[in-house]
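**Q** The structure follows.
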Amino acid sequence: MFYDDDADLSQLDGKTVAIIGFGSQGHAHAQNLKDSGVAVVVGLREDSGSAEKARAAGLEVLPIAEAASCGDMVMVLVPDELHRSVWESDIRDGVAEGKMVLFGHGFSVHYGEVEPPPGVDVALVAPKGPGHLVRRQFKEGSGVPGLLAVQQDATGNAHALGLAYAKGIGCTRGGVIETTFKDETETDLFGEQAVLCGGASELVQAGFDTLVEAGYDPQMAYFECLHELKLIVDLMYEKGLAGMRYSISNTAEYGDYTRGTRVITQDTRERMRAILAEIQSGDFAREWIAENRAGQENFQRMRAEQASSQVETTGRELRSMMAWIDTGELD
């Protein structure tokens, strides 16, 4: 684990960092680096709606190709599905020998969508949290932990530069673990699909549907199966599973031990292993890449269907009554 004292921010002195993209992670990386005293430019397409936001934050905005050319370090933070096209059209020709190319997720490199040339450093710096937390915790004086991986060390200094970048965005305040592109990509995809997003979302949906189908008020079902989930997850985050169990009632703890394994069964675990195997073999990556090249028709259909489900309409109604929750549009 690497912390602030292990990283030398002066490694970035005299260097310009080009942040390609200004979305969830891009806005946080760019502003945190700027606040750390690093020279930053943001690369965006001419018609990007994020350009004014970046300029309002005091950042210089350039076309992607120009930003990649002037950056000594180029961090690619556009969505995974855009990496190949943006790399080939705007970034690749501007990455000269001796530069560093960085990624916030190893997907495109690990699965061969992006193939950096041999004369450049290639590294990954991945905060383990969404961009708004990376930014907020940095401003509060703390930091989101992160991962560091070096795929290609052409200059002999890639590790030190990657660690300095991690310090610039605040990750070394929380701690940085060294890994590989392969391990970061495969564990990240598995966590998203089996637990954090796919698993948790489907568990919430199934619990909500079970109560509603049994005749219970949808609002009660929403509170029980979705709203209160944050309270439990916060306890896990702060104190682990044992700490969460210590904080809940004995009745809830007993139900946890005796009923949880009836929901997450041996069959569920086998299905998790199958999901991991699809990630390791590249089957999921090929499926997602094909979906994007076909225009995302299935993806957009599923997004629309889920957004109009009963748990969503019930939730929107209830959240509108909760003054302590930010119910504004997602940005």
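In the structure tokens, chains take letters A, B, ... by order of appearance, with residues numbered from 1 within each chain and ligands from 1 in the order shown.
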Using only C-alpha atoms, determine which residues lie at most 12 Å from A:Thr314, disregarding the query and same-chain residues fewer than 2 positions distant; provide the list as a PyMOL selection string.

**A** chain A and resi 208+212+217-223+226-227+307-312+316-321

**Q** Hey, what's within 9 Å of A:Gln31 if we count only C-alpha atoms and toss same-chain stuff fewer than 3 positions away? As number ranges by chain, please?

**A** A: 26-28, 34-36, 40, 54, 57-59, 135, 169

**Q** Which value, in Å to one decimal, gives the distance between atom CA of A:Leu235 and atom CA of A:Glu178?

**A**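 The value is 26.9 Å.
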
**Q** Please measure the separation of atom CA of A:Val109 and atom CA of A:Phe299, giving the value in Å to one decimal.

**A** 22.8 Å

**Q** Among stretch 54-257 of chain A, which ones does DSSP assign to strand (DSSP E or B) (computed from the backbone)? Answer as a PDB file with all heavy atoms, in the first residue's frame.

**A**
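Saved file states_24.pdb follows:
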ATOM      1  N   GLU A  60      -8.097  24.795 -19.164  1.00  0.00           N
ATOM      2  CA  GLU A  60      -7.935  25.030 -20.591  1.00  0.00           C
ATOM      3  C   GLU A  60      -8.517  23.851 -21.356  1.00  0.00           C
ATOM      4  O   GLU A  60      -8.199  22.691 -21.066  1.00  0.00           O
ATOM      5  CB  GLU A  60      -6.461  25.199 -20.954  1.00  0.00           C
ATOM      6  CG  GLU A  60      -6.220  25.478 -22.439  1.00  0.00           C
ATOM      7  CD  GLU A  60      -4.744  25.626 -22.792  1.00  0.00           C
ATOM      8  OE1 GLU A  60      -3.895  25.441 -21.889  1.00  0.00           O
ATOM      9  OE2 GLU A  60      -4.461  25.915 -23.971  1.00  0.00           O
ATOM     10  N   VAL A  61      -9.355  24.122 -22.332  1.00  0.00           N
ATOM     11  CA  VAL A  61      -9.999  23.081 -23.122  1.00  0.00           C
ATOM     12  C   VAL A  61      -9.470  23.129 -24.551  1.00  0.00           C
ATOM     13  O   VAL A  61      -9.443  24.191 -25.178  1.00  0.00           O
ATOM     14  CB  VAL A  61     -11.532  23.244 -23.126  1.00  0.00           C
ATOM     15  CG1 VAL A  61     -12.185  22.184 -24.000  1.00  0.00           C
ATOM     16  CG2 VAL A  61     -12.075  23.175 -21.697  1.00  0.00           C
ATOM     17  N   LEU A  62      -9.062  21.978 -25.061  1.00  0.00           N
ATOM     18  CA  LEU A  62      -8.530  21.861 -26.414  1.00  0.00           C
ATOM     19  C   LEU A  62      -9.219  20.705 -27.134  1.00  0.00           C
ATOM     20  O   LEU A  62      -9.763  19.803 -26.487  1.00  0.00           O
ATOM     21  CB  LEU A  62      -7.023  21.582 -26.374  1.00  0.00           C
ATOM     22  CG  LEU A  62      -6.117  22.618 -25.702  1.00  0.00           C
ATOM     23  CD1 LEU A  62      -4.694  22.074 -25.594  1.00  0.00           C
ATOM     24  CD2 LEU A  62      -6.130  23.917 -26.491  1.00  0.00           C
ATOM     25  N   PRO A  63      -9.185  20.709 -28.474  1.00  0.00           N
ATOM     26  CA  PRO A  63      -9.632  19.513 -29.196  1.00  0.00           C
ATOM     27  C   PRO A  63      -8.809  18.308 -28.744  1.00  0.00           C
ATOM     28  O   PRO A  63      -7.641  18.457 -28.351  1.00  0.00           O
ATOM     29  CB  PRO A  63      -9.367  19.861 -30.658  1.00  0.00           C
ATOM     30  CG  PRO A  63      -9.367  21.359 -30.690  1.00  0.00           C
ATOM     31  CD  PRO A  63      -8.781  21.791 -29.385  1.00  0.00           C
ATOM     32  N   MET A  73       1.717  13.594 -20.327  1.00  0.00           N
ATOM     33  CA  MET A  73       0.982  12.452 -19.797  1.00  0.00           C
ATOM     34  C   MET A  73      -0.457  12.596 -20.278  1.00  0.00           C
ATOM     35  O   MET A  73      -1.061  13.648 -20.129  1.00  0.00           O
ATOM     36  CB  MET A  73       1.046  12.422 -18.268  1.00  0.00           C
ATOM     37  CG  MET A  73       2.473  12.361 -17.735  1.00  0.00           C
ATOM     38  SD  MET A  73       2.553  12.685 -15.944  1.00  0.00           S
ATOM     39  CE  MET A  73       1.796  11.190 -15.297  1.00  0.00           C
ATOM     40  N   VAL A  74      -0.996  11.533 -20.873  1.00  0.00           N
ATOM     41  CA  VAL A  74      -2.338  11.584 -21.458  1.00  0.00           C
ATOM     42  C   VAL A  74      -3.218  10.559 -20.742  1.00  0.00           C
ATOM     43  O   VAL A  74      -2.988   9.352 -20.861  1.00  0.00           O
ATOM     44  CB  VAL A  74      -2.300  11.291 -22.970  1.00  0.00           C
ATOM     45  CG1 VAL A  74      -3.700  11.375 -23.564  1.00  0.00           C
ATOM     46  CG2 VAL A  74      -1.352  12.252 -23.680  1.00  0.00           C
ATOM     47  N   MET A  75      -4.183  11.055 -19.974  1.00  0.00           N
ATOM     48  CA  MET A  75      -5.102  10.172 -19.256  1.00  0.00           C
ATOM     49  C   MET A  75      -6.400  10.037 -20.053  1.00  0.00           C
ATOM     50  O   MET A  75      -7.092  11.018 -20.318  1.00  0.00           O
ATOM     51  CB  MET A  75      -5.398  10.721 -17.863  1.00  0.00           C
ATOM     52  CG  MET A  75      -6.532  10.025 -17.124  1.00  0.00           C
ATOM     53  SD  MET A  75      -6.335   8.235 -16.890  1.00  0.00           S
ATOM     54  CE  MET A  75      -5.681   8.172 -15.211  1.00  0.00           C
ATOM     55  N   VAL A  76      -6.736   8.809 -20.431  1.00  0.00           N
ATOM     56  CA  VAL A  76      -7.919   8.539 -21.243  1.00  0.00           C
ATOM     57  C   VAL A  76      -9.088   8.213 -20.315  1.00  0.00           C
ATOM     58  O   VAL A  76      -9.120   7.154 -19.682  1.00  0.00           O
ATOM     59  CB  VAL A  76      -7.673   7.375 -22.220  1.00  0.00           C
ATOM     60  CG1 VAL A  76      -8.890   7.162 -23.115  1.00  0.00           C
ATOM     61  CG2 VAL A  76      -6.422   7.632 -23.064  1.00  0.00           C
ATOM     62  N   MET A 100       3.708   9.336 -21.555  1.00  0.00           N
ATOM     63  CA  MET A 100       2.983   8.336 -20.766  1.00  0.00           C
ATOM     64  C   MET A 100       1.507   8.382 -21.136  1.00  0.00           C
ATOM     65  O   MET A 100       0.917   9.457 -21.240  1.00  0.00           O
ATOM     66  CB  MET A 100       3.148   8.588 -19.267  1.00  0.00           C
ATOM     67  CG  MET A 100       2.212   7.750 -18.401  1.00  0.00           C
ATOM     68  SD  MET A 100       2.523   7.908 -16.618  1.00  0.00           S
ATOM     69  CE  MET A 100       3.581   6.492 -16.353  1.00  0.00           C
ATOM     70  N   VAL A 101       0.917   7.202 -21.334  1.00  0.00           N
ATOM     71  CA  VAL A 101      -0.515   7.073 -21.546  1.00  0.00           C
ATOM     72  C   VAL A 101      -1.106   6.402 -20.307  1.00  0.00           C
ATOM     73  O   VAL A 101      -0.631   5.351 -19.872  1.00  0.00           O
ATOM     74  CB  VAL A 101      -0.847   6.246 -22.804  1.00  0.00           C
ATOM     75  CG1 VAL A 101      -2.351   6.230 -23.039  1.00  0.00           C
ATOM     76  CG2 VAL A 101      -0.131   6.793 -24.015  1.00  0.00           C
ATOM     77  N   LEU A 102      -2.138   7.027 -19.745  1.00  0.00           N
ATOM     78  CA  LEU A 102      -2.769   6.531 -18.532  1.00  0.00           C
ATOM     79  C   LEU A 102      -4.222   6.171 -18.811  1.00  0.00           C
ATOM     80  O   LEU A 102      -4.869   6.756 -19.682  1.00  0.00           O
ATOM     81  CB  LEU A 102      -2.725   7.597 -17.437  1.00  0.00           C
ATOM     82  CG  LEU A 102      -1.352   7.930 -16.856  1.00  0.00           C
ATOM     83  CD1 LEU A 102      -1.299   9.381 -16.428  1.00  0.00           C
ATOM     84  CD2 LEU A 102      -1.046   7.021 -15.678  1.00  0.00           C
ATOM     85  N   PHE A 103      -4.726   5.242 -18.019  1.00  0.00           N
ATOM     86  CA  PHE A 103      -6.116   4.828 -18.118  1.00  0.00           C
ATOM     87  C   PHE A 103      -6.707   4.744 -16.714  1.00  0.00           C
ATOM     88  O   PHE A 103      -6.011   4.432 -15.750  1.00  0.00           O
ATOM     89  CB  PHE A 103      -6.236   3.467 -18.812  1.00  0.00           C
ATOM     90  CG  PHE A 103      -5.745   3.473 -20.230  1.00  0.00           C
ATOM     91  CD1 PHE A 103      -4.395   3.272 -20.519  1.00  0.00           C
ATOM     92  CD2 PHE A 103      -6.618   3.700 -21.288  1.00  0.00           C
ATOM     93  CE1 PHE A 103      -3.930   3.290 -21.823  1.00  0.00           C
ATOM     94  CE2 PHE A 103      -6.158   3.716 -22.603  1.00  0.00           C
ATOM     95  CZ  PHE A 103      -4.823   3.519 -22.869  1.00  0.00           C
ATOM     96  N   ASP A 121       5.333   4.965 -21.951  1.00  0.00           N
ATOM     97  CA  ASP A 121       4.908   4.358 -20.693  1.00  0.00           C
ATOM     98  C   ASP A 121       3.395   4.161 -20.731  1.00  0.00           C
ATOM     99  O   ASP A 121       2.659   5.020 -21.245  1.00  0.00           O
ATOM    100  CB  ASP A 121       5.256   5.263 -19.507  1.00  0.00           C
ATOM    101  CG  ASP A 121       6.754   5.354 -19.254  1.00  0.00           C
ATOM    102  OD1 ASP A 121       7.488   4.438 -19.668  1.00  0.00           O
ATOM    103  OD2 ASP A 121       7.180   6.348 -18.634  1.00  0.00           O
ATOM    104  N   VAL A 122       2.921   3.058 -20.176  1.00  0.00           N
ATOM    105  CA  VAL A 122       1.490   2.782 -20.107  1.00  0.00           C
ATOM    106  C   VAL A 122       1.163   2.375 -18.670  1.00  0.00           C
ATOM    107  O   VAL A 122       1.732   1.407 -18.151  1.00  0.00           O
ATOM    108  CB  VAL A 122       1.067   1.663 -21.077  1.00  0.00           C
ATOM    109  CG1 VAL A 122      -0.439   1.418 -20.991  1.00  0.00           C
ATOM    110  CG2 VAL A 122       1.477   2.001 -22.503  1.00  0.00           C
ATOM    111  N   ALA A 123       0.273   3.125 -18.051  1.00  0.00           N
ATOM    112  CA  ALA A 123      -0.078   2.843 -16.655  1.00  0.00           C
ATOM    113  C   ALA A 123      -1.559   3.066 -16.420  1.00  0.00           C
ATOM    114  O   ALA A 123      -2.264   3.666 -17.238  1.00  0.00           O
ATOM    115  CB  ALA A 123       0.747   3.716 -15.706  1.00  0.00           C
ATOM    116  N   LEU A 124      -2.001   2.563 -15.300  1.00  0.00           N
ATOM    117  CA  LEU A 124      -3.391   2.680 -14.881  1.00  0.00           C
ATOM    118  C   LEU A 124      -3.435   3.287 -13.487  1.00  0.00           C
ATOM    119  O   LEU A 124      -2.699   2.857 -12.604  1.00  0.00           O
ATOM    120  CB  LEU A 124      -4.034   1.288 -14.879  1.00  0.00           C
ATOM    121  CG  LEU A 124      -5.462   1.108 -14.342  1.00  0.00           C
ATOM    122  CD1 LEU A 124      -6.142  -0.050 -15.097  1.00  0.00           C
ATOM    123  CD2 LEU A 124      -5.471   0.782 -12.854  1.00  0.00           C
ATOM    124  N   VAL A 125      -4.258   4.309 -13.312  1.00  0.00           N
ATOM    125  CA  VAL A 125      -4.536   4.869 -11.988  1.00  0.00           C
ATOM    126  C   VAL A 125      -6.050   4.892 -11.850  1.00  0.00           C
ATOM    127  O   VAL A 125      -6.736   5.631 -12.563  1.00  0.00           O
ATOM    128  CB  VAL A 125      -3.953   6.283 -11.808  1.00  0.00           C
ATOM    129  CG1 VAL A 125      -4.330   6.833 -10.434  1.00  0.00           C
ATOM    130  CG2 VAL A 125      -2.436   6.270 -11.969  1.00  0.00           C
ATOM    131  N   ALA A 126      -6.570   4.040 -10.964  1.00  0.00           N
ATOM    132  CA  ALA A 126      -8.018   3.848 -10.872  1.00  0.00           C
ATOM    133  C   ALA A 126      -8.521   4.103  -9.463  1.00  0.00           C
ATOM    134  O   ALA A 126      -8.351   3.263  -8.584  1.00  0.00           O
ATOM    135  CB  ALA A 126      -8.376   2.423 -11.299  1.00  0.00           C
ATOM    136  N   PRO A 127      -9.122   5.266  -9.209  1.00  0.00           N
ATOM    137  CA  PRO A 127      -9.746   5.488  -7.900  1.00  0.00           C
ATOM    138  C   PRO A 127     -10.879   4.490  -7.690  1.00  0.00           C
ATOM    139  O   PRO A 127     -11.645   4.210  -8.609  1.00  0.00           O
ATOM    140  CB  PRO A 127     -10.300   6.916  -8.007  1.00  0.00           C
ATOM    141  CG  PRO A 127      -9.549   7.550  -9.135  1.00  0.00           C
ATOM    142  CD  PRO A 127      -9.253   6.437 -10.092  1.00  0.00           C
ATOM    143  N   GLY A 146      -7.050   4.012  -4.254  1.00  0.00           N
ATOM    144  CA  GLY A 146      -6.964   3.716  -5.677  1.00  0.00           C
ATOM    145  C   GLY A 146      -6.051   2.551  -5.987  1.00  0.00           C
ATOM    146  O   GLY A 146      -5.419   1.974  -5.097  1.00  0.00           O
ATOM    147  N   LEU A 147      -5.998   2.213  -7.265  1.00  0.00           N
ATOM    148  CA  LEU A 147      -5.134   1.148  -7.765  1.00  0.00           C
ATOM    149  C   LEU A 147      -4.132   1.732  -8.749  1.00  0.00           C
ATOM    150  O   LEU A 147      -4.441   2.686  -9.468  1.00  0.00           O
ATOM    151  CB  LEU A 147      -5.964   0.071  -8.472  1.00  0.00           C
ATOM    152  CG  LEU A 147      -7.048  -0.630  -7.645  1.00  0.00           C
ATOM    153  CD1 LEU A 147      -7.816  -1.614  -8.525  1.00  0.00           C
ATOM    154  CD2 LEU A 147      -6.441  -1.347  -6.456  1.00  0.00           C
ATOM    155  N   LEU A 148      -2.955   1.153  -8.777  1.00  0.00           N
ATOM    156  CA  LEU A 148      -1.899   1.560  -9.715  1.00  0.00           C
ATOM    157  C   LEU A 148      -1.375   0.312 -10.414  1.00  0.00           C
ATOM    158  O   LEU A 148      -1.089  -0.696  -9.761  1.00  0.00           O
ATOM    159  CB  LEU A 148      -0.763   2.248  -8.968  1.00  0.00           C
ATOM    160  CG  LEU A 148       0.534   2.486  -9.762  1.00  0.00           C
ATOM    161  CD1 LEU A 148       0.322   3.514 -10.863  1.00  0.00           C
ATOM    162  CD2 LEU A 148       1.665   2.940  -8.837  1.00  0.00           C
ATOM    163  N   ALA A 149      -1.266   0.375 -11.730  1.00  0.00           N
ATOM    164  CA  ALA A 149      -0.674  -0.716 -12.498  1.00  0.00           C
ATOM    165  C   ALA A 149       0.192  -0.138 -13.599  1.00  0.00           C
ATOM    166  O   ALA A 149      -0.164   0.866 -14.212  1.00  0.00           O
ATOM    167  CB  ALA A 149      -1.761  -1.601 -13.101  1.00  0.00           C
ATOM    168  N   VAL A 150       1.330  -0.759 -13.839  1.00  0.00           N
ATOM    169  CA  VAL A 150       2.214  -0.365 -14.942  1.00  0.00           C
ATOM    170  C   VAL A 150       2.221  -1.504 -15.954  1.00  0.00           C
ATOM    171  O   VAL A 150       2.645  -2.625 -15.653  1.00  0.00           O
ATOM    172  CB  VAL A 150       3.639  -0.067 -14.453  1.00  0.00           C
ATOM    173  CG1 VAL A 150       4.567   0.199 -15.642  1.00  0.00           C
ATOM    174  CG2 VAL A 150       3.640   1.120 -13.498  1.00  0.00           C
ATOM    175  N   GLN A 151       1.737  -1.217 -17.145  1.00  0.00           N
ATOM    176  CA  GLN A 151       1.676  -2.209 -18.213  1.00  0.00           C
ATOM    177  C   GLN A 151       2.943  -2.187 -19.062  1.00  0.00           C
ATOM    178  O   GLN A 151       3.386  -3.219 -19.563  1.00  0.00           O
ATOM    179  CB  GLN A 151       0.458  -1.922 -19.105  1.00  0.00           C
ATOM    180  CG  GLN A 151       0.270  -2.851 -20.279  1.00  0.00           C
ATOM    181  CD  GLN A 151      -0.456  -4.129 -19.901  1.00  0.00           C
ATOM    182  OE1 GLN A 151      -0.717  -4.360 -18.720  1.00  0.00           O
ATOM    183  NE2 GLN A 151      -0.772  -4.957 -20.879  1.00  0.00           N
ATOM    184  N   GLN A 152       3.532  -0.986 -19.194  1.00  0.00           N
ATOM    185  CA  GLN A 152       4.698  -0.818 -20.071  1.00  0.00           C
ATOM    186  C   GLN A 152       5.571   0.292 -19.507  1.00  0.00           C
ATOM    187  O   GLN A 152       5.107   1.409 -19.301  1.00  0.00           O
ATOM    188  CB  GLN A 152       4.187  -0.444 -21.472  1.00  0.00           C
ATOM    189  CG  GLN A 152       5.207  -0.466 -22.573  1.00  0.00           C
ATOM    190  CD  GLN A 152       4.544  -0.405 -23.932  1.00  0.00           C
ATOM    191  OE1 GLN A 152       4.002  -1.394 -24.424  1.00  0.00           O
ATOM    192  NE2 GLN A 152       4.562   0.760 -24.558  1.00  0.00           N
ATOM    193  N   VAL A 176      -2.917   3.501  -1.984  1.00  0.00           N
ATOM    194  CA  VAL A 176      -2.899   2.972  -3.347  1.00  0.00           C
ATOM    195  C   VAL A 176      -2.310   1.566  -3.339  1.00  0.00           C
ATOM    196  O   VAL A 176      -1.228   1.330  -2.788  1.00  0.00           O
ATOM    197  CB  VAL A 176      -2.072   3.888  -4.281  1.00  0.00           C
ATOM    198  CG1 VAL A 176      -1.873   3.239  -5.652  1.00  0.00           C
ATOM    199  CG2 VAL A 176      -2.751   5.248  -4.428  1.00  0.00           C
ATOM    200  N   ILE A 177      -3.027   0.631  -3.936  1.00  0.00           N
ATOM    201  CA  ILE A 177      -2.575  -0.754  -4.045  1.00  0.00           C
ATOM    202  C   ILE A 177      -2.032  -0.982  -5.448  1.00  0.00           C
ATOM    203  O   ILE A 177      -2.649  -0.580  -6.433  1.00  0.00           O
ATOM    204  CB  ILE A 177      -3.728  -1.731  -3.779  1.00  0.00           C
ATOM    205  CG1 ILE A 177      -4.269  -1.552  -2.355  1.00  0.00           C
ATOM    206  CG2 ILE A 177      -3.290  -3.181  -3.998  1.00  0.00           C
ATOM    207  CD1 ILE A 177      -5.517  -2.352  -2.064  1.00  0.00           C
ATOM    208  N   GLU A 178      -0.893  -1.659  -5.539  1.00  0.00           N
ATOM    209  CA  GLU A 178      -0.331  -1.980  -6.845  1.00  0.00           C
ATOM    210  C   GLU A 178      -0.950  -3.261  -7.384  1.00  0.00           C
ATOM    211  O   GLU A 178      -1.117  -4.238  -6.651  1.00  0.00           O
ATOM    212  CB  GLU A 178       1.185  -2.123  -6.753  1.00  0.00           C
ATOM    213  CG  GLU A 178       1.854  -2.210  -8.114  1.00  0.00           C
ATOM    214  CD  GLU A 178       3.347  -1.934  -8.048  1.00  0.00           C
ATOM    215  OE1 GLU A 178       3.905  -1.919  -6.946  1.00  0.00           O
ATOM    216  OE2 GLU A 178       3.947  -1.718  -9.121  1.00  0.00           O
TER     217      GLU A 178
END

**Q** What is the atom CA of A:Ala158-atom CA of A:Pro145 distance in Å, reported with one decimal?

**A** 19.6 Å

**Q** Can you list, as a list of chain:residue names, every protein, DNA or RNA residue that comes within 12 Å of A:Ala200 when you count only C-alpha atoms, leaving out same-chain residues fewer than 6 positions away?

**A** A:Gly191, A:Glu192, A:Gln193, A:Ala194, A:Ala206, A:Gly207, A:Cys225, A:Leu226, A:Leu229, A:Lys230, A:Val233, A:Ile264

**Q** Go ahead and save the picked residues with all heavy atoms, as a CSV table (one decimal), in the first residue's frame.

**A**
chain,number,residue,atom,x,y,z
A,191,GLY,N,-17.0,-7.4,-9.9
A,191,GLY,CA,-17.7,-6.7,-8.8
A,191,GLY,C,-18.9,-6.0,-9.3
A,191,GLY,O,-20.0,-6.1,-8.7
A,192,GLU,N,-18.8,-5.3,-10.5
A,192,GLU,CA,-20.0,-4.6,-11.0
A,192,GLU,C,-21.1,-5.5,-11.4
A,192,GLU,O,-22.3,-5.2,-11.0
A,192,GLU,CB,-19.5,-3.8,-12.3
A,192,GLU,CG,-18.6,-2.7,-12.0
A,192,GLU,CD,-17.9,-2.2,-13.3
A,192,GLU,OE1,-18.1,-2.8,-14.4
A,192,GLU,OE2,-17.3,-1.1,-13.2
A,193,GLN,N,-20.8,-6.6,-12.0
A,193,GLN,CA,-21.8,-7.5,-12.5
A,193,GLN,C,-22.5,-8.4,-11.5
A,193,GLN,O,-23.7,-8.6,-11.4
A,193,GLN,CB,-21.3,-8.4,-13.7
A,193,GLN,CG,-20.8,-7.6,-14.9
A,193,GLN,CD,-20.1,-8.4,-15.9
A,193,GLN,OE1,-20.3,-9.6,-15.9
A,193,GLN,NE2,-19.2,-7.8,-16.7
A,194,ALA,N,-21.7,-8.9,-10.6
A,194,ALA,CA,-22.2,-10.0,-9.7
A,194,ALA,C,-22.6,-9.4,-8.3
A,194,ALA,O,-23.5,-10.0,-7.7
A,194,ALA,CB,-21.1,-11.0,-9.4
A,206,ALA,N,-36.0,-8.0,-6.9
A,206,ALA,CA,-36.7,-9.2,-6.6
A,206,ALA,C,-37.4,-9.1,-5.2
A,206,ALA,O,-38.5,-9.6,-5.0
A,206,ALA,CB,-35.7,-10.4,-6.5
A,207,GLY,N,-36.7,-8.4,-4.2
A,207,GLY,CA,-37.3,-8.2,-2.9
A,207,GLY,C,-38.6,-7.3,-3.0
A,207,GLY,O,-39.6,-7.6,-2.4
A,225,CYS,N,-36.8,-2.6,1.0
A,225,CYS,CA,-35.8,-3.3,0.1
A,225,CYS,C,-34.8,-2.4,-0.6
A,225,CYS,O,-33.8,-2.9,-1.1
A,225,CYS,CB,-36.6,-4.1,-0.9
A,225,CYS,SG,-37.6,-5.4,-0.2
A,226,LEU,N,-35.1,-1.1,-0.7
A,226,LEU,CA,-34.1,-0.2,-1.4
A,226,LEU,C,-33.7,0.9,-0.4
A,226,LEU,O,-32.5,1.1,-0.2
A,226,LEU,CB,-34.8,0.4,-2.6
A,226,LEU,CG,-33.8,1.1,-3.6
A,226,LEU,CD1,-34.4,1.1,-5.0
A,226,LEU,CD2,-33.6,2.6,-3.2
A,229,LEU,N,-31.3,0.0,2.4
A,229,LEU,CA,-30.1,-0.6,2.0
A,229,LEU,C,-28.9,0.2,2.3
A,229,LEU,O,-27.8,-0.3,2.7
A,229,LEU,CB,-30.2,-1.0,0.5
A,229,LEU,CG,-29.0,-1.8,-0.1
A,229,LEU,CD1,-28.8,-3.1,0.6
A,229,LEU,CD2,-29.2,-1.9,-1.6
A,230,LYS,N,-29.0,1.5,2.0
A,230,LYS,CA,-27.9,2.5,2.3
A,230,LYS,C,-27.5,2.4,3.7
A,230,LYS,O,-26.3,2.5,4.0
A,230,LYS,CB,-28.3,3.9,1.9
A,230,LYS,CG,-27.2,4.9,2.1
A,230,LYS,CD,-27.6,6.3,1.9
A,230,LYS,CE,-26.4,7.3,2.0
A,230,LYS,NZ,-25.7,7.2,3.3
A,233,VAL,N,-25.4,-0.8,4.1
A,233,VAL,CA,-24.1,-0.7,3.4
A,233,VAL,C,-23.2,0.3,4.1
A,233,VAL,O,-22.0,0.0,4.2
A,233,VAL,CB,-24.4,-0.3,1.9
A,233,VAL,CG1,-23.1,0.1,1.2
A,233,VAL,CG2,-25.1,-1.4,1.2
A,264,ILE,N,-28.8,-16.5,-1.4
A,264,ILE,CA,-27.6,-16.7,-2.2
A,264,ILE,C,-27.2,-18.1,-2.0
A,264,ILE,O,-26.5,-18.5,-1.0
A,264,ILE,CB,-26.5,-15.7,-1.7
A,264,ILE,CG1,-27.0,-14.3,-1.7
A,264,ILE,CG2,-25.2,-15.9,-2.5
A,264,ILE,CD1,-27.4,-13.8,-3.1

**Q** Between A:Val42, A:Ala154, A:Met322, A:Ile64, which one has atoms that come closest to A:Glu97, using only C-alpha atoms?

**A** A:Ala154

**Q** DSSP on the backbone: what in stretch 2-250 of chain A comes out helix (DSSP H, G or I), as a PyMOL selection string?

**A** chain A and resi 4-6+9-12+24-35+51-56+64-70+80-94+107-110+131-139+158-168+171-174+181-196+198-213+218-227+229-247+250

**Q** Smallest atom-to-atom distance to A:Thr187: which of A:Ile279, A:Leu33, A:Val134, A:Met302, using only C-alpha atoms?

**A**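 The shortest atom-to-atom distance to A:Thr187 comes from A:Ile279.
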
**Q** For A:Ile248, which residue among A:Ile232, A:Ala285, A:Asp8, A:Gly94 is the nearest when counting only C-alpha atoms?

**A**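 Once distances to A:Ile248 are computed over only C-alpha atoms, the minimum belongs to A:Ile232.
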
**Q** Check the smallest atom-to-atom distance from each of A:Met1, A:Arg55, A:Arg84, A:Arg45 to A:Arg293 using only C-alpha atoms, then report the winner.

**A**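 The shortest atom-to-atom distance to A:Arg293 comes from A:Arg84.
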
**Q** Quick one: residues within 12 Å of A:Ser10, only C-alpha atoms counted, chain neighbours fewer than 3 positions away excluded, as a ChimeraX atom specification?

**A** /A:7,13-15,36-39,160-161,163-165,167-168

**Q** Excluding same-chain residues fewer than 3 positions from A:Ser142, what lies within 10 Å of it counting only C-alpha atoms, as a short mmCIF file (atom, residue, chain, number, x, y, z; two decimals) with N, CA, C and O atoms, in the first residue's frame?

**A**
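Contents of the output file out-v6.cif:
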data_model
loop_
_atom_site.label_atom_id
_atom_site.label_comp_id
_atom_site.auth_asym_id
_atom_site.auth_seq_id
_atom_site.Cartn_x
_atom_site.Cartn_y
_atom_site.Cartn_z
N VAL A 134 -14.37 11.29 -5.56
CA VAL A 134 -12.95 11.61 -5.74
C VAL A 134 -12.74 13.11 -5.57
O VAL A 134 -11.79 13.56 -4.92
N ARG A 135 -13.65 13.89 -6.14
CA ARG A 135 -13.54 15.35 -6.05
C ARG A 135 -13.89 15.85 -4.65
O ARG A 135 -13.17 16.66 -4.07
N ARG A 136 -15.02 15.36 -4.12
CA ARG A 136 -15.48 15.85 -2.83
C ARG A 136 -14.49 15.53 -1.71
O ARG A 136 -14.16 16.39 -0.88
N GLN A 137 -14.01 14.30 -1.68
CA GLN A 137 -13.09 13.93 -0.61
C GLN A 137 -11.76 14.67 -0.73
O GLN A 137 -11.13 15.01 0.27
N PHE A 138 -11.34 14.92 -1.96
CA PHE A 138 -10.11 15.71 -2.16
C PHE A 138 -10.28 17.09 -1.55
O PHE A 138 -9.40 17.59 -0.83
N LYS A 139 -11.41 17.74 -1.82
CA LYS A 139 -11.65 19.09 -1.30
C LYS A 139 -11.78 19.09 0.23
O LYS A 139 -11.45 20.08 0.87
N PRO A 145 -9.28 5.75 -1.95
CA PRO A 145 -8.19 4.82 -2.28
C PRO A 145 -8.19 4.47 -3.77
O PRO A 145 -9.22 4.63 -4.46
N GLY A 170 -5.33 12.71 -5.21
CA GLY A 170 -5.73 12.45 -3.82
C GLY A 170 -5.78 11.00 -3.40
O GLY A 170 -6.10 10.70 -2.25
N CYS A 171 -5.46 10.06 -4.30
CA CYS A 171 -5.60 8.65 -3.96
C CYS A 171 -4.61 8.18 -2.90
O CYS A 171 -4.94 7.29 -2.09
N THR A 172 -3.41 8.76 -2.87
CA THR A 172 -2.43 8.31 -1.88
C THR A 172 -2.81 8.74 -0.47
O THR A 172 -2.24 8.26 0.51
N ARG A 173 -3.77 9.65 -0.34
CA ARG A 173 -4.28 9.99 0.99
C ARG A 173 -5.04 8.80 1.57
O ARG A 173 -5.02 8.55 2.78
N GLY A 174 -5.74 8.07 0.70
CA GLY A 174 -6.51 6.91 1.15
C GLY A 174 -5.73 5.61 1.06
O GLY A 174 -6.06 4.64 1.73
#
